[in-house]
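**Q** Below is coords30.txt; it holds compact mmCIF, N, CA and C atoms.
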# COMPACT_ATOMS: atom_id res chain seq x y z
N MET A 120 -18.87 -7.84 -6.17
CA MET A 120 -17.46 -7.55 -6.01
C MET A 120 -17.16 -7.35 -4.53
N GLY A 121 -15.99 -7.84 -4.10
CA GLY A 121 -15.59 -7.74 -2.70
C GLY A 121 -15.03 -6.38 -2.36
N GLU A 122 -14.48 -6.30 -1.17
CA GLU A 122 -13.85 -5.05 -0.74
C GLU A 122 -12.67 -4.72 -1.64
N ARG A 123 -12.42 -3.43 -1.78
CA ARG A 123 -11.36 -2.95 -2.67
C ARG A 123 -10.10 -2.62 -1.88
N ILE A 124 -9.00 -3.18 -2.35
CA ILE A 124 -7.70 -2.99 -1.70
C ILE A 124 -6.77 -2.27 -2.68
N LEU A 125 -6.15 -1.20 -2.23
CA LEU A 125 -5.11 -0.53 -3.02
C LEU A 125 -3.77 -1.10 -2.59
N LEU A 126 -3.07 -1.74 -3.52
CA LEU A 126 -1.76 -2.32 -3.26
C LEU A 126 -0.71 -1.42 -3.91
N ILE A 127 0.13 -0.79 -3.09
CA ILE A 127 1.21 0.07 -3.60
C ILE A 127 2.51 -0.71 -3.40
N GLU A 128 3.00 -1.30 -4.48
CA GLU A 128 4.14 -2.23 -4.43
C GLU A 128 4.87 -2.18 -5.76
N ASP A 129 6.20 -1.95 -5.73
CA ASP A 129 6.98 -1.85 -6.95
C ASP A 129 7.45 -3.20 -7.49
N ASP A 130 7.44 -4.23 -6.69
CA ASP A 130 7.87 -5.56 -7.13
C ASP A 130 6.66 -6.24 -7.80
N PHE A 131 6.68 -6.31 -9.13
CA PHE A 131 5.53 -6.84 -9.86
C PHE A 131 5.26 -8.30 -9.54
N ARG A 132 6.30 -9.07 -9.30
CA ARG A 132 6.11 -10.48 -8.97
C ARG A 132 5.37 -10.62 -7.64
N LEU A 133 5.84 -9.90 -6.63
CA LEU A 133 5.19 -9.93 -5.32
C LEU A 133 3.77 -9.38 -5.40
N ALA A 134 3.60 -8.28 -6.13
CA ALA A 134 2.27 -7.68 -6.28
C ALA A 134 1.31 -8.68 -6.93
N GLY A 135 1.79 -9.40 -7.92
CA GLY A 135 0.95 -10.41 -8.58
C GLY A 135 0.52 -11.51 -7.63
N MET A 136 1.46 -11.97 -6.80
CA MET A 136 1.13 -13.02 -5.83
C MET A 136 0.12 -12.53 -4.80
N VAL A 137 0.34 -11.33 -4.27
CA VAL A 137 -0.57 -10.77 -3.27
C VAL A 137 -1.96 -10.55 -3.89
N ALA A 138 -2.00 -10.00 -5.10
CA ALA A 138 -3.27 -9.74 -5.78
C ALA A 138 -4.02 -11.05 -6.05
N GLU A 139 -3.30 -12.07 -6.47
CA GLU A 139 -3.93 -13.37 -6.74
C GLU A 139 -4.50 -13.96 -5.45
N TYR A 140 -3.72 -13.94 -4.40
CA TYR A 140 -4.17 -14.49 -3.11
C TYR A 140 -5.40 -13.74 -2.61
N LEU A 141 -5.34 -12.41 -2.62
CA LEU A 141 -6.47 -11.62 -2.14
C LEU A 141 -7.69 -11.77 -3.06
N GLY A 142 -7.44 -11.89 -4.36
CA GLY A 142 -8.54 -12.11 -5.30
C GLY A 142 -9.28 -13.39 -5.02
N LYS A 143 -8.53 -14.45 -4.71
CA LYS A 143 -9.16 -15.74 -4.37
C LYS A 143 -9.97 -15.64 -3.08
N ALA A 144 -9.61 -14.68 -2.22
CA ALA A 144 -10.33 -14.48 -0.96
C ALA A 144 -11.51 -13.52 -1.14
N GLY A 145 -11.74 -13.06 -2.37
CA GLY A 145 -12.89 -12.22 -2.65
C GLY A 145 -12.63 -10.73 -2.68
N PHE A 146 -11.37 -10.32 -2.59
CA PHE A 146 -11.04 -8.90 -2.64
C PHE A 146 -10.76 -8.46 -4.07
N HIS A 147 -11.04 -7.21 -4.37
CA HIS A 147 -10.68 -6.61 -5.65
C HIS A 147 -9.43 -5.76 -5.40
N VAL A 148 -8.33 -6.08 -6.08
CA VAL A 148 -7.06 -5.40 -5.84
C VAL A 148 -6.77 -4.42 -6.97
N ILE A 149 -6.45 -3.18 -6.58
CA ILE A 149 -6.01 -2.15 -7.51
C ILE A 149 -4.51 -1.98 -7.25
N HIS A 150 -3.68 -2.17 -8.27
CA HIS A 150 -2.24 -2.13 -8.07
C HIS A 150 -1.64 -0.82 -8.58
N ALA A 151 -0.77 -0.23 -7.76
CA ALA A 151 0.04 0.92 -8.16
C ALA A 151 1.50 0.52 -7.99
N GLU A 152 2.30 0.79 -9.01
CA GLU A 152 3.70 0.35 -9.00
C GLU A 152 4.66 1.32 -8.32
N ASN A 153 4.16 2.48 -7.90
CA ASN A 153 5.03 3.42 -7.19
C ASN A 153 4.17 4.34 -6.32
N GLY A 154 4.83 5.16 -5.52
CA GLY A 154 4.12 6.02 -4.59
C GLY A 154 3.30 7.10 -5.26
N THR A 155 3.83 7.68 -6.33
CA THR A 155 3.11 8.74 -7.04
C THR A 155 1.80 8.21 -7.59
N ARG A 156 1.86 7.08 -8.25
CA ARG A 156 0.63 6.48 -8.81
C ARG A 156 -0.30 6.03 -7.68
N GLY A 157 0.27 5.50 -6.61
CA GLY A 157 -0.56 5.07 -5.47
C GLY A 157 -1.34 6.22 -4.88
N LEU A 158 -0.69 7.36 -4.69
CA LEU A 158 -1.39 8.54 -4.16
C LEU A 158 -2.48 9.01 -5.11
N ALA A 159 -2.19 9.00 -6.41
CA ALA A 159 -3.17 9.42 -7.40
C ALA A 159 -4.39 8.49 -7.38
N LEU A 160 -4.14 7.19 -7.35
CA LEU A 160 -5.25 6.23 -7.31
C LEU A 160 -6.05 6.37 -6.02
N HIS A 161 -5.34 6.56 -4.91
CA HIS A 161 -6.03 6.71 -3.64
C HIS A 161 -6.92 7.95 -3.65
N GLY A 162 -6.50 8.99 -4.36
CA GLY A 162 -7.27 10.22 -4.42
C GLY A 162 -8.54 10.11 -5.25
N ARG A 163 -8.55 9.17 -6.20
CA ARG A 163 -9.73 9.09 -7.07
C ARG A 163 -10.52 7.79 -6.98
N GLU A 164 -9.96 6.77 -6.36
CA GLU A 164 -10.65 5.49 -6.20
C GLU A 164 -11.15 5.34 -4.77
N SER A 165 -12.28 4.74 -4.62
CA SER A 165 -12.78 4.42 -3.29
C SER A 165 -12.22 3.05 -2.90
N VAL A 166 -11.45 3.00 -1.82
CA VAL A 166 -10.87 1.73 -1.37
C VAL A 166 -11.22 1.50 0.09
N ASP A 167 -11.18 0.23 0.48
CA ASP A 167 -11.48 -0.14 1.85
C ASP A 167 -10.22 -0.26 2.71
N ALA A 168 -9.07 -0.45 2.05
CA ALA A 168 -7.80 -0.58 2.77
C ALA A 168 -6.65 -0.39 1.78
N VAL A 169 -5.48 -0.12 2.34
CA VAL A 169 -4.26 0.08 1.54
C VAL A 169 -3.20 -0.89 2.06
N ILE A 170 -2.53 -1.56 1.14
CA ILE A 170 -1.33 -2.33 1.47
C ILE A 170 -0.17 -1.56 0.86
N LEU A 171 0.75 -1.13 1.68
CA LEU A 171 1.79 -0.19 1.27
C LEU A 171 3.19 -0.74 1.51
N ASP A 172 3.96 -0.83 0.43
CA ASP A 172 5.38 -1.16 0.53
C ASP A 172 6.10 0.08 1.02
N LEU A 173 6.98 -0.07 1.98
CA LEU A 173 7.69 1.10 2.51
C LEU A 173 8.93 1.46 1.69
N MET A 174 9.39 0.55 0.86
CA MET A 174 10.60 0.80 0.07
C MET A 174 10.21 0.93 -1.40
N LEU A 175 9.77 2.12 -1.78
CA LEU A 175 9.33 2.39 -3.14
C LEU A 175 10.43 3.12 -3.92
N PRO A 176 10.44 2.99 -5.25
CA PRO A 176 11.51 3.59 -6.04
C PRO A 176 11.46 5.11 -6.11
N ASP A 177 10.28 5.69 -5.97
CA ASP A 177 10.14 7.13 -6.18
C ASP A 177 9.81 7.92 -4.93
N ALA A 178 9.56 7.24 -3.82
CA ALA A 178 9.14 7.94 -2.61
C ALA A 178 9.37 7.05 -1.40
N ASP A 179 9.50 7.70 -0.26
CA ASP A 179 9.60 6.98 1.01
C ASP A 179 8.20 6.51 1.39
N GLY A 180 8.04 5.22 1.61
CA GLY A 180 6.74 4.68 1.95
C GLY A 180 6.13 5.29 3.20
N LEU A 181 6.97 5.66 4.17
CA LEU A 181 6.44 6.29 5.38
C LEU A 181 5.83 7.66 5.05
N GLU A 182 6.42 8.38 4.11
CA GLU A 182 5.85 9.66 3.69
C GLU A 182 4.53 9.45 2.95
N ILE A 183 4.47 8.42 2.12
CA ILE A 183 3.22 8.09 1.43
C ILE A 183 2.15 7.75 2.46
N CYS A 184 2.54 7.02 3.48
CA CYS A 184 1.61 6.68 4.57
C CYS A 184 1.08 7.95 5.24
N ARG A 185 1.97 8.89 5.53
CA ARG A 185 1.55 10.15 6.16
C ARG A 185 0.58 10.93 5.27
N LEU A 186 0.85 10.96 3.98
CA LEU A 186 -0.01 11.70 3.05
C LEU A 186 -1.39 11.05 2.95
N ILE A 187 -1.42 9.72 2.91
CA ILE A 187 -2.71 9.02 2.89
C ILE A 187 -3.47 9.27 4.18
N ARG A 188 -2.76 9.16 5.30
CA ARG A 188 -3.39 9.34 6.61
C ARG A 188 -3.93 10.76 6.80
N ALA A 189 -3.28 11.74 6.19
CA ALA A 189 -3.71 13.13 6.32
C ALA A 189 -5.08 13.37 5.67
N ARG A 190 -5.44 12.53 4.70
CA ARG A 190 -6.71 12.75 4.01
C ARG A 190 -7.71 11.62 4.18
N SER A 191 -7.33 10.58 4.90
CA SER A 191 -8.21 9.42 5.00
C SER A 191 -7.91 8.61 6.26
N ASP A 192 -8.92 7.91 6.73
CA ASP A 192 -8.67 6.98 7.84
C ASP A 192 -8.75 5.53 7.36
N ASP A 193 -8.54 5.32 6.04
CA ASP A 193 -8.51 3.96 5.51
C ASP A 193 -7.44 3.15 6.25
N PRO A 194 -7.73 1.90 6.58
CA PRO A 194 -6.69 1.07 7.20
C PRO A 194 -5.49 0.92 6.26
N ILE A 195 -4.28 0.95 6.83
CA ILE A 195 -3.06 0.80 6.06
C ILE A 195 -2.25 -0.35 6.65
N LEU A 196 -1.95 -1.32 5.82
CA LEU A 196 -1.10 -2.44 6.20
C LEU A 196 0.24 -2.22 5.52
N MET A 197 1.30 -2.17 6.30
CA MET A 197 2.63 -1.92 5.74
C MET A 197 3.32 -3.23 5.40
N LEU A 198 3.82 -3.27 4.18
CA LEU A 198 4.52 -4.43 3.66
C LEU A 198 5.97 -4.01 3.45
N THR A 199 6.90 -4.63 4.18
CA THR A 199 8.28 -4.16 4.09
C THR A 199 9.29 -5.24 4.44
N ALA A 200 10.47 -5.05 3.91
CA ALA A 200 11.60 -5.89 4.27
C ALA A 200 12.42 -5.23 5.37
N ARG A 201 12.06 -4.00 5.72
CA ARG A 201 12.77 -3.29 6.79
C ARG A 201 12.53 -4.02 8.12
N GLY A 202 13.60 -4.20 8.86
CA GLY A 202 13.46 -4.91 10.12
C GLY A 202 13.90 -4.11 11.33
N ASP A 203 14.35 -2.90 11.09
CA ASP A 203 14.84 -2.07 12.18
C ASP A 203 13.69 -1.68 13.11
N PRO A 204 13.87 -1.85 14.44
CA PRO A 204 12.80 -1.48 15.37
C PRO A 204 12.36 -0.02 15.25
N MET A 205 13.26 0.89 14.91
CA MET A 205 12.88 2.29 14.76
C MET A 205 11.92 2.47 13.60
N ASP A 206 12.11 1.72 12.50
CA ASP A 206 11.18 1.78 11.38
C ASP A 206 9.78 1.36 11.83
N ARG A 207 9.71 0.37 12.67
CA ARG A 207 8.41 -0.09 13.18
C ARG A 207 7.74 0.99 14.03
N VAL A 208 8.52 1.63 14.88
CA VAL A 208 7.97 2.69 15.73
C VAL A 208 7.46 3.85 14.89
N VAL A 209 8.26 4.28 13.92
CA VAL A 209 7.85 5.39 13.06
C VAL A 209 6.60 5.01 12.27
N GLY A 210 6.54 3.78 11.79
CA GLY A 210 5.37 3.32 11.04
C GLY A 210 4.11 3.31 11.88
N LEU A 211 4.22 2.96 13.12
CA LEU A 211 3.06 2.93 14.00
C LEU A 211 2.59 4.33 14.38
N GLU A 212 3.50 5.28 14.37
CA GLU A 212 3.12 6.66 14.68
C GLU A 212 2.25 7.20 13.59
In structure tokens, how does this file's structure come out?
**A**
Amino acid sequence: MGERILLIEDDFRLAGMVAEYLGKAGFHVIHAENGTRGLALHGRESVDAVILDLMLPDADGLEICRLIRARSDDPILMLTARGDPMDRVVGLE
């Protein structure tokens, strides 16, 4: 089995495409459909990286990022439709 990726994404169609693509590249994808479930999975699953949607239905993705970062140094790739430069700056912080 390849490296494990936690995908926190509420759009099931997009999540399916990302999971399929990464699966073909040898990654094992664990999908969470919202921030609450993503945090729970991150707390109990060993993952090599996180792909995080910033626009989740139940939580601000930047806050989810902060909570993950507070307990782990797992790499986090942000997936978002937000284009505002301030969102990018806050995300990098």
**Q** Give the answer as one residue: which of A:Asp177, A:Glu182, A:Asp193, A:Glu152 has the shortest atom-to-atom distance to Leu126 (chain A), using all atoms listed in the file?
**A** A:Glu152
**Q** Run DSSP on the backbone and tell me which residues of chain A come out as strand (DSSP E or B); list them as a list in words.
**A**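 Put together, the selection reads Arg123, Ile124, Leu125, Leu126, Ile127, His147, Val148, Ile149, His150, Ala151, Ala168, Val169, Ile170, Leu171, Asp172, Met174, Asp179, Ile195, Leu196, Met197 and Leu198 of chain A.
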**Q** Out of A:Leu141, A:Arg132, A:Ile127, A:Asp192, which residue has the shortest atom-to-atom distance to Asp167 (chain A) when counting only C-alpha atoms?
**A** A:Asp192
**Q** Tell me, in Å to one decimal, how far atom C of Val137 (chain A) is from atom N of Glu122 (chain A).
**A** 13.5 Å
**Q** Give the answer as one residue: which of A:Ala159, A:Leu171, A:Ala151, A:Cys184 has the shortest atom-to-atom distance to Thr199 (chain A), using all atoms listed in the file?
**A**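 Of all the options, A:Leu171 lies closest to Thr199 (chain A).
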**Q** Within 12 Å of Gly180 (chain A), counting only C-alpha atoms, which residues qualify if same-chain residues fewer than 4 places away don't, as a PyMOL selection string?
**A** chain A and resi 127-129+153-155+157-158+169-176+184-187+195-201+206+209-210
**Q** Separation of atom C of Phe146 (chain A) and atom N of Ser191 (chain A), in Å?
**A**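 Atom N of Ser191 (chain A) lies 21.3 Å from atom C of Phe146 (chain A).
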**Q** Write out as a compact mmCIF listing (two decimals) with N, CA and C atoms, in the coordinates of the input the set of residues from chain A that DSSP, computed on the backbone, places in alpha helix (DSSP H).
**A**
# COMPACT_ATOMS: atom_id res chain seq x y z
N PHE A 131 6.68 -6.31 -9.13
CA PHE A 131 5.53 -6.84 -9.86
C PHE A 131 5.26 -8.30 -9.54
N ARG A 132 6.30 -9.07 -9.30
CA ARG A 132 6.11 -10.48 -8.97
C ARG A 132 5.37 -10.62 -7.64
N LEU A 133 5.84 -9.90 -6.63
CA LEU A 133 5.19 -9.93 -5.32
C LEU A 133 3.77 -9.38 -5.40
N ALA A 134 3.60 -8.28 -6.13
CA ALA A 134 2.27 -7.68 -6.28
C ALA A 134 1.31 -8.68 -6.93
N GLY A 135 1.79 -9.40 -7.92
CA GLY A 135 0.95 -10.41 -8.58
C GLY A 135 0.52 -11.51 -7.63
N MET A 136 1.46 -11.97 -6.80
CA MET A 136 1.13 -13.02 -5.83
C MET A 136 0.12 -12.53 -4.80
N VAL A 137 0.34 -11.33 -4.27
CA VAL A 137 -0.57 -10.77 -3.27
C VAL A 137 -1.96 -10.55 -3.89
N ALA A 138 -2.00 -10.00 -5.10
CA ALA A 138 -3.27 -9.74 -5.78
C ALA A 138 -4.02 -11.05 -6.05
N GLU A 139 -3.30 -12.07 -6.47
CA GLU A 139 -3.93 -13.37 -6.74
C GLU A 139 -4.50 -13.96 -5.45
N TYR A 140 -3.72 -13.94 -4.40
CA TYR A 140 -4.17 -14.49 -3.11
C TYR A 140 -5.40 -13.74 -2.61
N LEU A 141 -5.34 -12.41 -2.62
CA LEU A 141 -6.47 -11.62 -2.14
C LEU A 141 -7.69 -11.77 -3.06
N GLY A 142 -7.44 -11.89 -4.36
CA GLY A 142 -8.54 -12.11 -5.30
C GLY A 142 -9.28 -13.39 -5.02
N LYS A 143 -8.53 -14.45 -4.71
CA LYS A 143 -9.16 -15.74 -4.37
C LYS A 143 -9.97 -15.64 -3.08
N GLY A 154 4.83 5.16 -5.52
CA GLY A 154 4.12 6.02 -4.59
C GLY A 154 3.30 7.10 -5.26
N THR A 155 3.83 7.68 -6.33
CA THR A 155 3.11 8.74 -7.04
C THR A 155 1.80 8.21 -7.59
N ARG A 156 1.86 7.08 -8.25
CA ARG A 156 0.63 6.48 -8.81
C ARG A 156 -0.30 6.03 -7.68
N GLY A 157 0.27 5.50 -6.61
CA GLY A 157 -0.56 5.07 -5.47
C GLY A 157 -1.34 6.22 -4.88
N LEU A 158 -0.69 7.36 -4.69
CA LEU A 158 -1.39 8.54 -4.16
C LEU A 158 -2.48 9.01 -5.11
N ALA A 159 -2.19 9.00 -6.41
CA ALA A 159 -3.17 9.42 -7.40
C ALA A 159 -4.39 8.49 -7.38
N LEU A 160 -4.14 7.19 -7.35
CA LEU A 160 -5.25 6.23 -7.31
C LEU A 160 -6.05 6.37 -6.02
N HIS A 161 -5.34 6.56 -4.91
CA HIS A 161 -6.03 6.71 -3.64
C HIS A 161 -6.92 7.95 -3.65
N GLY A 162 -6.50 8.99 -4.36
CA GLY A 162 -7.27 10.22 -4.42
C GLY A 162 -8.54 10.11 -5.25
N ARG A 163 -8.55 9.17 -6.20
CA ARG A 163 -9.73 9.09 -7.07
C ARG A 163 -10.52 7.79 -6.98
N GLY A 180 8.04 5.22 1.61
CA GLY A 180 6.74 4.68 1.95
C GLY A 180 6.13 5.29 3.20
N LEU A 181 6.97 5.66 4.17
CA LEU A 181 6.44 6.29 5.38
C LEU A 181 5.83 7.66 5.05
N GLU A 182 6.42 8.38 4.11
CA GLU A 182 5.85 9.66 3.69
C GLU A 182 4.53 9.45 2.95
N ILE A 183 4.47 8.42 2.12
CA ILE A 183 3.22 8.09 1.43
C ILE A 183 2.15 7.75 2.46
N CYS A 184 2.54 7.02 3.48
CA CYS A 184 1.61 6.68 4.57
C CYS A 184 1.08 7.95 5.24
N ARG A 185 1.97 8.89 5.53
CA ARG A 185 1.55 10.15 6.16
C ARG A 185 0.58 10.93 5.27
N LEU A 186 0.85 10.96 3.98
CA LEU A 186 -0.01 11.70 3.05
C LEU A 186 -1.39 11.05 2.95
N ILE A 187 -1.42 9.72 2.91
CA ILE A 187 -2.71 9.02 2.89
C ILE A 187 -3.47 9.27 4.18
N ARG A 188 -2.76 9.16 5.30
CA ARG A 188 -3.39 9.34 6.61
C ARG A 188 -3.93 10.76 6.80
N ALA A 189 -3.28 11.74 6.19
CA ALA A 189 -3.71 13.13 6.32
C ALA A 189 -5.08 13.37 5.67
N ARG A 190 -5.44 12.53 4.70
CA ARG A 190 -6.71 12.75 4.01
C ARG A 190 -7.71 11.62 4.18
N PRO A 204 13.87 -1.85 14.44
CA PRO A 204 12.80 -1.48 15.37
C PRO A 204 12.36 -0.02 15.25
N MET A 205 13.26 0.89 14.91
CA MET A 205 12.88 2.29 14.76
C MET A 205 11.92 2.47 13.60
N ASP A 206 12.11 1.72 12.50
CA ASP A 206 11.18 1.78 11.38
C ASP A 206 9.78 1.36 11.83
N ARG A 207 9.71 0.37 12.67
CA ARG A 207 8.41 -0.09 13.18
C ARG A 207 7.74 0.99 14.03
N VAL A 208 8.52 1.63 14.88
CA VAL A 208 7.97 2.69 15.73
C VAL A 208 7.46 3.85 14.89
N VAL A 209 8.26 4.28 13.92
CA VAL A 209 7.85 5.39 13.06
C VAL A 209 6.60 5.01 12.27
N GLY A 210 6.54 3.78 11.79
CA GLY A 210 5.37 3.32 11.04
C GLY A 210 4.11 3.31 11.88
N LEU A 211 4.22 2.96 13.12
CA LEU A 211 3.06 2.93 14.00
C LEU A 211 2.59 4.33 14.38
**Q** Just how far from atom C of Gly145 (chain A) is atom C of Leu133 (chain A), in Å to one decimal?
**A**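 Between atom C of Leu133 (chain A) and atom C of Gly145 (chain A) the gap is 16.7 Å.
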**Q** Using only N, CA and C atoms, which residues sit within 5 Å of Ile124 (chain A) once same-chain residues fewer than 4 positions away are excluded, as a short mmCIF file (atom, residue, chain, number, x, y, z; two decimals) with N, CA and C atoms, keeping the file's coordinate frame?
**A**
data_model
loop_
_atom_site.label_atom_id
_atom_site.label_comp_id
_atom_site.auth_asym_id
_atom_site.auth_seq_id
_atom_site.Cartn_x
_atom_site.Cartn_y
_atom_site.Cartn_z
N HIS A 147 -11.04 -7.21 -4.37
CA HIS A 147 -10.68 -6.61 -5.65
C HIS A 147 -9.43 -5.76 -5.40
N VAL A 148 -8.33 -6.08 -6.08
CA VAL A 148 -7.06 -5.40 -5.84
C VAL A 148 -6.77 -4.42 -6.97
N ILE A 149 -6.45 -3.18 -6.58
CA ILE A 149 -6.01 -2.15 -7.51
C ILE A 149 -4.51 -1.98 -7.25
N ASP A 167 -11.18 0.23 0.48
CA ASP A 167 -11.48 -0.14 1.85
C ASP A 167 -10.22 -0.26 2.71
N ALA A 168 -9.07 -0.45 2.05
CA ALA A 168 -7.80 -0.58 2.77
C ALA A 168 -6.65 -0.39 1.78
#
